[in-house]
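This is upload_28.cif (mmCIF, C-alpha atoms).
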data_entry
#
loop_
_atom_site.label_atom_id
_atom_site.label_comp_id
_atom_site.auth_asym_id
_atom_site.auth_seq_id
_atom_site.Cartn_x
_atom_site.Cartn_y
_atom_site.Cartn_z
CA ILE A 1 -8.85 -0.38 -10.87
CA PHE A 2 -8.26 0.82 -14.39
CA ALA A 3 -11.91 1.38 -15.19
CA ILE A 4 -11.56 5.14 -14.82
CA PHE A 5 -9.38 5.21 -17.90
CA LEU A 6 -11.82 3.38 -20.15
CA ILE A 7 -13.32 5.61 -22.79
CA SER A 8 -17.05 5.07 -22.64
CA SER A 9 -17.49 5.33 -26.37
CA CYS A 10 -15.12 2.42 -27.02
CA SER A 11 -16.79 -0.54 -28.66
CA LYS A 12 -15.82 -4.00 -27.54
CA ASN A 13 -15.52 -4.94 -31.16
CA GLU A 14 -12.08 -3.90 -32.34
CA GLN A 15 -13.12 -4.56 -35.92
CA SER A 16 -15.10 -1.31 -35.86
CA TYR A 17 -11.80 0.55 -35.71
CA LYS A 18 -10.21 -1.19 -38.66
CA ASN A 19 -11.34 1.59 -40.97
CA ILE A 20 -9.68 4.22 -38.81
CA GLU A 21 -6.13 5.14 -39.67
CA THR A 22 -4.50 3.78 -36.52
CA TYR A 23 -1.84 6.44 -36.30
CA GLU A 24 -4.02 9.32 -37.43
CA SER A 25 -4.49 10.60 -33.89
CA PRO A 26 -3.46 9.75 -30.34
CA GLU A 27 -7.13 9.34 -29.43
CA SER A 28 -7.78 6.58 -31.96
CA LEU A 29 -4.64 4.65 -31.08
CA TYR A 30 -5.34 5.02 -27.37
CA ARG A 31 -8.83 3.60 -27.91
CA LEU A 32 -7.38 0.55 -29.63
CA ALA A 33 -4.89 0.08 -26.80
CA MET A 34 -7.66 0.27 -24.21
CA ILE A 35 -9.68 -2.37 -26.07
CA ASP A 36 -6.65 -4.67 -26.00
CA LEU A 37 -6.22 -3.97 -22.30
CA ASP A 38 -9.88 -4.61 -21.56
CA GLU A 39 -9.66 -7.90 -23.46
CA LYS A 40 -6.50 -8.81 -21.48
CA ARG A 41 -4.25 -8.72 -24.53
CA TYR A 42 -1.56 -7.07 -22.48
CA ASP A 43 1.35 -7.40 -24.91
CA GLU A 44 -0.65 -5.83 -27.72
CA ALA A 45 -1.89 -3.09 -25.43
CA MET A 46 1.63 -2.33 -24.25
CA LYS A 47 2.84 -1.93 -27.85
CA LYS A 48 0.05 0.49 -28.69
CA PHE A 49 0.54 2.54 -25.51
CA LYS A 50 4.24 2.79 -26.36
CA ASP A 51 3.32 3.99 -29.84
CA VAL A 52 1.06 6.69 -28.41
CA ASP A 53 3.81 7.88 -26.09
CA PHE A 54 6.44 7.84 -28.84
CA LYS A 55 4.44 9.35 -31.70
CA PHE A 56 2.38 11.87 -29.73
CA PRO A 57 4.57 12.81 -26.72
CA LEU A 58 2.79 16.12 -26.06
CA SER A 59 -0.71 14.70 -25.98
CA ASN A 60 -2.76 13.90 -22.90
CA GLU A 61 -3.05 10.37 -24.25
CA ALA A 62 0.73 10.04 -23.98
CA VAL A 63 0.57 10.63 -20.23
CA GLN A 64 -2.39 8.28 -19.90
CA SER A 65 -0.46 5.69 -21.91
CA GLN A 66 2.50 5.94 -19.54
CA ILE A 67 0.14 5.34 -16.63
CA MET A 68 -1.40 2.33 -18.35
CA MET A 69 2.02 0.87 -19.24
CA ALA A 70 2.89 1.02 -15.55
CA PHE A 71 -0.45 -0.60 -14.76
CA ILE A 72 0.30 -3.47 -17.15
CA GLU A 73 3.60 -4.06 -15.35
CA TYR A 74 1.59 -4.23 -12.13
CA ILE A 75 -0.89 -6.69 -13.67
CA ASN A 76 2.03 -8.88 -14.73
CA MET A 77 3.46 -8.63 -11.17
CA ASN A 78 6.58 -6.89 -12.44
CA TYR A 79 6.42 -4.74 -9.32
CA ASP A 80 9.88 -3.18 -9.48
CA GLU A 81 9.34 -2.04 -13.06
CA ALA A 82 5.84 -0.79 -12.22
CA ILE A 83 7.18 1.20 -9.26
CA PHE A 84 9.89 2.68 -11.48
CA LYS A 85 7.31 3.75 -14.06
CA PHE A 86 4.90 5.20 -11.49
CA ASN A 87 7.74 7.11 -9.85
CA ARG A 88 8.71 8.59 -13.19
CA ILE A 89 5.11 9.65 -13.85
CA ILE A 90 4.85 11.25 -10.40
CA SER A 91 8.10 13.13 -10.99
CA ARG A 92 7.20 14.32 -14.50
CA TYR A 93 3.52 15.14 -14.02
CA PRO A 94 2.93 16.08 -10.35
CA SER A 95 -0.19 18.09 -11.25
CA HIS A 96 -1.81 15.60 -13.60
CA LYS A 97 -5.51 15.02 -12.97
CA ASN A 98 -4.95 11.29 -12.32
CA ILE A 99 -1.73 11.56 -10.35
CA ASP A 100 -3.50 10.20 -7.25
CA TYR A 101 -3.96 6.97 -9.19
CA ALA A 102 -0.19 6.75 -9.74
CA TYR A 103 0.43 7.16 -6.02
CA PHE A 104 -2.22 4.56 -5.22
CA MET A 105 -0.89 2.00 -7.67
CA LYS A 106 2.66 2.52 -6.45
CA ALA A 107 1.43 1.78 -2.92
CA MET A 108 -0.40 -1.29 -4.21
CA CYS A 109 2.83 -2.61 -5.72
CA TYR A 110 4.35 -2.69 -2.25
CA PHE A 111 1.15 -3.87 -0.58
CA GLU A 112 0.75 -6.91 -2.80
CA GLN A 113 4.27 -8.05 -1.97
CA ILE A 114 3.42 -8.30 1.74
CA GLU A 115 3.20 -11.95 2.73
CA ASN A 116 3.67 -11.96 6.49
CA GLU A 117 4.97 -9.71 9.23
CA ALA A 118 8.17 -11.69 9.70
CA LEU A 119 9.44 -11.33 6.14
CA ASP A 120 8.10 -8.10 4.68
CA GLY A 121 9.28 -5.22 6.84
CA ASN A 122 10.35 -3.06 3.91
CA ASN A 123 7.18 -3.66 1.91
CA ASN A 124 5.09 -2.84 4.98
CA ILE A 125 6.90 0.45 5.53
CA LYS A 126 6.90 1.46 1.85
CA ALA A 127 3.23 0.62 1.41
CA LEU A 128 2.35 2.57 4.57
CA GLU A 129 4.34 5.61 3.42
CA ASN A 130 2.65 5.66 0.01
CA PHE A 131 -0.90 5.11 1.26
CA ASN A 132 -0.32 7.90 3.78
CA GLN A 133 0.72 10.18 0.91
CA ILE A 134 -2.65 9.61 -0.72
CA ILE A 135 -4.48 10.50 2.51
CA ASN A 136 -2.33 13.60 3.05
CA ARG A 137 -2.07 14.86 -0.54
CA PHE A 138 -5.45 13.80 -1.90
CA PRO A 139 -7.94 13.55 1.00
CA ASN A 140 -10.87 13.76 -1.43
CA SER A 141 -9.51 11.14 -3.82
CA LYS A 142 -11.66 8.15 -4.70
CA TYR A 143 -8.69 6.09 -3.49
CA ALA A 144 -8.53 7.68 -0.03
CA LYS A 145 -11.02 5.35 1.66
CA ASP A 146 -9.37 2.23 0.27
CA SER A 147 -6.01 3.62 1.35
CA GLU A 148 -7.29 4.07 4.91
CA GLN A 149 -8.38 0.43 5.02
CA LYS A 150 -5.02 -0.71 3.72
CA ILE A 151 -3.25 1.41 6.34
CA ILE A 152 -5.18 -0.33 9.13
CA PHE A 153 -4.07 -3.72 7.83
CA ILE A 154 -0.45 -2.64 7.42
CA LYS A 155 -0.25 -1.17 10.92
CA GLU A 156 -1.56 -4.43 12.34
CA ASN A 157 1.13 -6.23 10.37
CA ILE A 158 3.92 -3.95 11.57
CA ALA A 159 2.71 -4.12 15.17
CA ALA A 160 2.64 -7.93 14.95
CA LYS A 161 6.28 -7.92 13.87
CA HIS A 162 7.29 -5.73 16.81
CA MET A 163 5.35 -8.02 19.17
CA ASP A 164 7.14 -11.11 17.85
CA ILE A 165 10.54 -9.50 18.26
CA ALA A 166 9.66 -8.16 21.71
CA TYR A 167 8.51 -11.58 22.89
CA PHE A 168 11.75 -13.12 21.67
CA TYR A 169 13.73 -10.57 23.70
CA LEU A 170 11.45 -11.22 26.67
CA THR A 171 12.12 -14.97 26.60
CA GLN A 172 15.84 -14.19 26.40
CA LYS A 173 15.49 -11.89 29.44
CA LYS A 174 16.70 -8.94 27.40
CA TYR A 175 14.23 -6.64 29.12
CA PRO A 176 15.33 -3.20 27.83
CA ALA A 177 15.17 -4.42 24.22
CA ALA A 178 11.76 -5.99 24.81
CA MET A 179 10.45 -2.83 26.51
CA LYS A 180 11.56 -0.72 23.56
CA ARG A 181 9.56 -2.86 21.12
CA TYR A 182 6.45 -2.92 23.29
CA GLN A 183 6.62 0.86 23.70
CA ILE A 184 6.79 1.27 19.91
CA VAL A 185 3.54 -0.67 19.61
CA ILE A 186 1.90 1.40 22.35
CA THR A 187 3.10 4.73 20.97
CA ASP A 188 3.05 4.29 17.20
CA TYR A 189 0.38 1.60 16.71
CA SER A 190 -1.98 2.28 19.58
CA GLN A 191 -5.08 1.59 17.47
CA THR A 192 -4.06 -1.99 16.76
CA LYS A 193 -5.31 -5.05 18.63
CA PHE A 194 -1.86 -5.61 20.11
CA THR A 195 -1.80 -2.57 22.42
CA PRO A 196 -3.44 -4.24 25.48
CA GLU A 197 -0.99 -7.14 25.31
CA ALA A 198 1.97 -4.79 24.86
CA LEU A 199 0.91 -2.92 28.01
CA TYR A 200 0.52 -6.19 29.91
CA ARG A 201 3.98 -7.34 28.85
CA LEU A 202 5.38 -4.10 30.22
CA VAL A 203 3.66 -4.84 33.53
CA GLU A 204 5.36 -8.24 33.56
CA ILE A 205 8.75 -6.68 32.91
CA TYR A 206 8.26 -3.97 35.52
CA PHE A 207 7.39 -6.56 38.16
CA THR A 208 10.38 -8.67 37.17
CA LEU A 209 12.68 -5.66 37.51
CA GLY A 210 11.11 -4.60 40.77
CA MET A 211 9.63 -1.43 39.28
CA LEU A 212 6.38 -1.73 41.20
CA GLN A 213 5.14 1.82 40.78
CA GLU A 214 5.52 1.63 36.99
CA ALA A 215 3.75 -1.74 37.02
CA LYS A 216 0.79 -0.31 38.97
CA LYS A 217 0.56 2.74 36.70
CA THR A 218 0.60 0.60 33.56
CA THR A 219 -2.02 -1.75 35.01
CA ALA A 220 -4.21 1.28 35.67
CA VAL A 221 -3.81 2.33 32.03
CA ILE A 222 -4.98 -1.10 30.90
CA GLY A 223 -7.93 -0.96 33.28
CA HIS A 224 -8.97 2.48 32.10
CA ASN A 225 -8.67 1.82 28.37
CA TYR A 226 -9.32 -1.92 28.13
CA PRO A 227 -11.42 -2.90 31.19
CA ASN A 228 -12.88 -5.96 29.46
CA SER A 229 -9.61 -7.22 28.06
CA LYS A 230 -8.17 -10.52 29.18
CA TRP A 231 -4.85 -8.71 29.52
CA TYR A 232 -6.33 -6.54 32.26
CA GLU A 233 -7.41 -9.68 34.14
CA TYR A 234 -3.92 -11.13 33.74
CA SER A 235 -2.43 -7.97 35.29
CA TYR A 236 -3.80 -8.92 38.74
#
As a first step, turn the structure in this file into C-alpha cells.
Amino acid sequence: IFAIFLISSCSKNEQSYKNIETYESPESLYRLAMIDLDEKRYDEAMKKFKDVDFKFPLSNEAVQSQIMMAFIEYINMNYDEAIFKFNRIISRYPSHKNIDYAYFMKAMCYFEQIENEALDGNNNIKALENFNQIINRFPNSKYAKDSEQKIIFIKENIAAKHMDIAYFYLTQKKYPAAMKRYQIVITDYSQTKFTPEALYRLVEIYFTLGMLQEAKKTTAVIGHNYPNSKWYEYSY
C-alpha cells in the first residue's frame, strides 16, 4: 500500500547515508525514514518522520511524513489514532496530490475492524461512506477499483445484518418491523445476494396478513428478476 511513497533512488543499505548530514535537508531525512519503514523498523521510522514534520514544516516531505505516520499507526492496528491523523491530513491538505490515499487508508481503518455483520454496524457504515467518497471524489484514482470491491463486500455485510434482524422480527410475528427491514434490503442493497430471499419473505408476510394482491405482485417481481432462484420456486 505504501509503495507509492518509496523513493526509487533509496538504497536498501542505510549505511550509504551515514555520510549525509541527517538534518541537512527534508529529502535526506525522509529517505532515511522510508528505509526504516521498508525494513519494518516502525519506531525508528516514526521518529524520523516526526523530525521531518517538526524541522521542515513547509516542505512537501513534511506532508508526506504526516501521511506515513498515520500509515504506521494503521500498520500497528492503532486504528483510532490512524483515523485521527488521516482526518487531520484531509482537513489540512484537501488538494494534496496523494489525498486520495488518505481517504483510502481512513476507509481501510474501518474496513479492517469489520468482523461480522452482527457486531460491526458502525464500522460497516463508516467504511462504506469513506470508500464511496473515493469513488465520488477520485473516480480515476488507483484506489477506485479496490474501493468498489470493498463496497460490494460491505453491502453484502450490511444486507446480511438487516436479514438477520428481519428474520428475528418475522419469528416474533412482528410483521411491520420485519417488512421494513426486508424493504431496506430490496431498496438499498438490491445488488446483493439477499434480494431474492427478502422478496420471498415479503410474499410470506403478505399471505399471512391476507394481502393477496401484494403477494402476487411481489411473486411476479421475483419471477421476472430471479426466474431460476429457489426463492421463486418457494413462492408457489
Here's the selection I'm unsure about, the PyMOL selection byres ((chain A and resi 163) around 12); applied to the file above, which residues does it give, as a VMD selection string?
chain A and resid 117 to 118 156 to 162 164 to 170 177 to 186 189 192 to 202
Selection: 9 Å around range 90-100 of chain A, all atoms listed in the file, excl. self and same-chain fewer than 2 positions, as a list in words:
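Contacts, with the query itself left out: Val63, Gln64, Ile67, Lys85, Phe86, Asn87, Arg88, Ala102, Tyr103, Phe104, Met105, Ile134, Arg137, Phe138, Ser141, Lys142 and Tyr143 of chain A.
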Pairwise distance for CA of Tyr74 in chain A and CA of Ile89 in chain A, rounded to one decimal in Å:
14.4 Å
Here's the selection I'm unsure about, the PyMOL selection byres ((chain A and resi 127) around 7); applied to the file above, which residues does it give, as a list in words?
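Applied to this file, the PyMOL selection byres ((chain A and resi 127) around 7) returns Ala107, Met108, Tyr110, Phe111, Asn123, Asn124, Ile125, Lys126, Leu128, Glu129, Asn130 and Phe131 of chain A.
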Length of the CA of Ser59 in chain A to CA of Arg31 in chain A vector [Å]
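Pair CA of Ser59 in chain A / CA of Arg31 in chain A returns 13.9 Å.
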Atoms added to range 125-151 of chain A (N, CA, C and O atoms), reported as a PDB file, in the coordinates of the input:
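The result, stored in part-v6.pdb:
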ATOM      1  N   ILE A 125       6.561  -0.962   5.322  1.00  0.00           N
ATOM      2  CA  ILE A 125       6.900   0.450   5.530  1.00  0.00           C
ATOM      3  C   ILE A 125       6.643   1.255   4.260  1.00  0.00           C
ATOM      4  O   ILE A 125       6.049   2.343   4.304  1.00  0.00           O
ATOM      5  N   LYS A 126       7.073   0.742   3.114  1.00  0.00           N
ATOM      6  CA  LYS A 126       6.900   1.460   1.850  1.00  0.00           C
ATOM      7  C   LYS A 126       5.425   1.602   1.489  1.00  0.00           C
ATOM      8  O   LYS A 126       4.985   2.660   1.010  1.00  0.00           O
ATOM      9  N   ALA A 127       4.659   0.550   1.690  1.00  0.00           N
ATOM     10  CA  ALA A 127       3.230   0.620   1.410  1.00  0.00           C
ATOM     11  C   ALA A 127       2.560   1.642   2.331  1.00  0.00           C
ATOM     12  O   ALA A 127       1.748   2.459   1.881  1.00  0.00           O
ATOM     13  N   LEU A 128       2.920   1.624   3.607  1.00  0.00           N
ATOM     14  CA  LEU A 128       2.350   2.570   4.570  1.00  0.00           C
ATOM     15  C   LEU A 128       2.674   4.006   4.181  1.00  0.00           C
ATOM     16  O   LEU A 128       1.797   4.883   4.190  1.00  0.00           O
ATOM     17  N   GLU A 129       3.915   4.260   3.814  1.00  0.00           N
ATOM     18  CA  GLU A 129       4.340   5.610   3.420  1.00  0.00           C
ATOM     19  C   GLU A 129       3.524   6.101   2.224  1.00  0.00           C
ATOM     20  O   GLU A 129       3.071   7.263   2.193  1.00  0.00           O
ATOM     21  N   ASN A 130       3.328   5.233   1.240  1.00  0.00           N
ATOM     22  CA  ASN A 130       2.650   5.660   0.010  1.00  0.00           C
ATOM     23  C   ASN A 130       1.143   5.800   0.194  1.00  0.00           C
ATOM     24  O   ASN A 130       0.530   6.715  -0.368  1.00  0.00           O
ATOM     25  N   PHE A 131       0.530   4.929   0.971  1.00  0.00           N
ATOM     26  CA  PHE A 131      -0.900   5.110   1.260  1.00  0.00           C
ATOM     27  C   PHE A 131      -1.129   6.372   2.076  1.00  0.00           C
ATOM     28  O   PHE A 131      -2.125   7.081   1.879  1.00  0.00           O
ATOM     29  N   ASN A 132      -0.210   6.669   2.996  1.00  0.00           N
ATOM     30  CA  ASN A 132      -0.320   7.900   3.780  1.00  0.00           C
ATOM     31  C   ASN A 132      -0.210   9.138   2.888  1.00  0.00           C
ATOM     32  O   ASN A 132      -0.850  10.163   3.150  1.00  0.00           O
ATOM     33  N   GLN A 133       0.601   9.050   1.841  1.00  0.00           N
ATOM     34  CA  GLN A 133       0.720  10.180   0.910  1.00  0.00           C
ATOM     35  C   GLN A 133      -0.614  10.460   0.233  1.00  0.00           C
ATOM     36  O   GLN A 133      -0.968  11.626   0.001  1.00  0.00           O
ATOM     37  N   ILE A 134      -1.340   9.415  -0.094  1.00  0.00           N
ATOM     38  CA  ILE A 134      -2.650   9.610  -0.720  1.00  0.00           C
ATOM     39  C   ILE A 134      -3.594  10.326   0.245  1.00  0.00           C
ATOM     40  O   ILE A 134      -4.290  11.275  -0.134  1.00  0.00           O
ATOM     41  N   ILE A 135      -3.608   9.879   1.507  1.00  0.00           N
ATOM     42  CA  ILE A 135      -4.480  10.500   2.510  1.00  0.00           C
ATOM     43  C   ILE A 135      -4.102  11.969   2.717  1.00  0.00           C
ATOM     44  O   ILE A 135      -4.976  12.840   2.817  1.00  0.00           O
ATOM     45  N   ASN A 136      -2.800  12.245   2.763  1.00  0.00           N
ATOM     46  CA  ASN A 136      -2.330  13.600   3.050  1.00  0.00           C
ATOM     47  C   ASN A 136      -2.426  14.533   1.844  1.00  0.00           C
ATOM     48  O   ASN A 136      -2.796  15.704   1.977  1.00  0.00           O
ATOM     49  N   ARG A 137      -2.094  14.025   0.661  1.00  0.00           N
ATOM     50  CA  ARG A 137      -2.070  14.860  -0.540  1.00  0.00           C
ATOM     51  C   ARG A 137      -3.437  14.953  -1.215  1.00  0.00           C
ATOM     52  O   ARG A 137      -3.779  15.982  -1.798  1.00  0.00           O
ATOM     53  N   PHE A 138      -4.192  13.859  -1.157  1.00  0.00           N
ATOM     54  CA  PHE A 138      -5.450  13.800  -1.900  1.00  0.00           C
ATOM     55  C   PHE A 138      -6.575  13.280  -0.989  1.00  0.00           C
ATOM     56  O   PHE A 138      -7.119  12.199  -1.224  1.00  0.00           O
ATOM     57  N   PRO A 139      -6.922  14.036   0.044  1.00  0.00           N
ATOM     58  CA  PRO A 139      -7.940  13.550   1.000  1.00  0.00           C
ATOM     59  C   PRO A 139      -9.301  13.308   0.365  1.00  0.00           C
ATOM     60  O   PRO A 139     -10.095  12.527   0.911  1.00  0.00           O
ATOM     61  N   ASN A 140      -9.580  13.940  -0.756  1.00  0.00           N
ATOM     62  CA  ASN A 140     -10.870  13.760  -1.430  1.00  0.00           C
ATOM     63  C   ASN A 140     -10.808  12.768  -2.587  1.00  0.00           C
ATOM     64  O   ASN A 140     -11.778  12.617  -3.339  1.00  0.00           O
ATOM     65  N   SER A 141      -9.679  12.099  -2.734  1.00  0.00           N
ATOM     66  CA  SER A 141      -9.510  11.140  -3.820  1.00  0.00           C
ATOM     67  C   SER A 141     -10.433   9.938  -3.643  1.00  0.00           C
ATOM     68  O   SER A 141     -10.747   9.530  -2.520  1.00  0.00           O
ATOM     69  N   LYS A 142     -10.850   9.364  -4.752  1.00  0.00           N
ATOM     70  CA  LYS A 142     -11.660   8.150  -4.700  1.00  0.00           C
ATOM     71  C   LYS A 142     -10.867   6.977  -4.125  1.00  0.00           C
ATOM     72  O   LYS A 142     -11.438   5.947  -3.767  1.00  0.00           O
ATOM     73  N   TYR A 143      -9.537   7.142  -4.038  1.00  0.00           N
ATOM     74  CA  TYR A 143      -8.690   6.090  -3.490  1.00  0.00           C
ATOM     75  C   TYR A 143      -8.387   6.283  -2.010  1.00  0.00           C
ATOM     76  O   TYR A 143      -7.711   5.445  -1.406  1.00  0.00           O
ATOM     77  N   ALA A 144      -8.869   7.376  -1.423  1.00  0.00           N
ATOM     78  CA  ALA A 144      -8.530   7.680  -0.030  1.00  0.00           C
ATOM     79  C   ALA A 144      -9.120   6.650   0.936  1.00  0.00           C
ATOM     80  O   ALA A 144      -8.427   6.187   1.853  1.00  0.00           O
ATOM     81  N   LYS A 145     -10.382   6.288   0.743  1.00  0.00           N
ATOM     82  CA  LYS A 145     -11.020   5.350   1.660  1.00  0.00           C
ATOM     83  C   LYS A 145     -10.347   3.985   1.608  1.00  0.00           C
ATOM     84  O   LYS A 145     -10.088   3.362   2.654  1.00  0.00           O
ATOM     85  N   ASP A 146     -10.057   3.517   0.414  1.00  0.00           N
ATOM     86  CA  ASP A 146      -9.370   2.230   0.270  1.00  0.00           C
ATOM     87  C   ASP A 146      -7.988   2.301   0.905  1.00  0.00           C
ATOM     88  O   ASP A 146      -7.535   1.343   1.548  1.00  0.00           O
ATOM     89  N   SER A 147      -7.323   3.434   0.748  1.00  0.00           N
ATOM     90  CA  SER A 147      -6.010   3.620   1.350  1.00  0.00           C
ATOM     91  C   SER A 147      -6.085   3.538   2.873  1.00  0.00           C
ATOM     92  O   SER A 147      -5.215   2.940   3.519  1.00  0.00           O
ATOM     93  N   GLU A 148      -7.120   4.116   3.448  1.00  0.00           N
ATOM     94  CA  GLU A 148      -7.290   4.070   4.910  1.00  0.00           C
ATOM     95  C   GLU A 148      -7.447   2.628   5.383  1.00  0.00           C
ATOM     96  O   GLU A 148      -6.893   2.245   6.421  1.00  0.00           O
ATOM     97  N   GLN A 149      -8.212   1.830   4.644  1.00  0.00           N
ATOM     98  CA  GLN A 149      -8.380   0.430   5.020  1.00  0.00           C
ATOM     99  C   GLN A 149      -7.076  -0.346   4.910  1.00  0.00           C
ATOM    100  O   GLN A 149      -6.762  -1.188   5.770  1.00  0.00           O
ATOM    101  N   LYS A 150      -6.310  -0.045   3.878  1.00  0.00           N
ATOM    102  CA  LYS A 150      -5.020  -0.710   3.720  1.00  0.00           C
ATOM    103  C   LYS A 150      -4.063  -0.319   4.844  1.00  0.00           C
ATOM    104  O   LYS A 150      -3.298  -1.144   5.342  1.00  0.00           O
ATOM    105  N   ILE A 151      -4.116   0.932   5.259  1.00  0.00           N
ATOM    106  CA  ILE A 151      -3.250   1.410   6.340  1.00  0.00           C
ATOM    107  C   ILE A 151      -3.539   0.668   7.635  1.00  0.00           C
ATOM    108  O   ILE A 151      -2.615   0.299   8.372  1.00  0.00           O
TER     109      ILE A 151
END
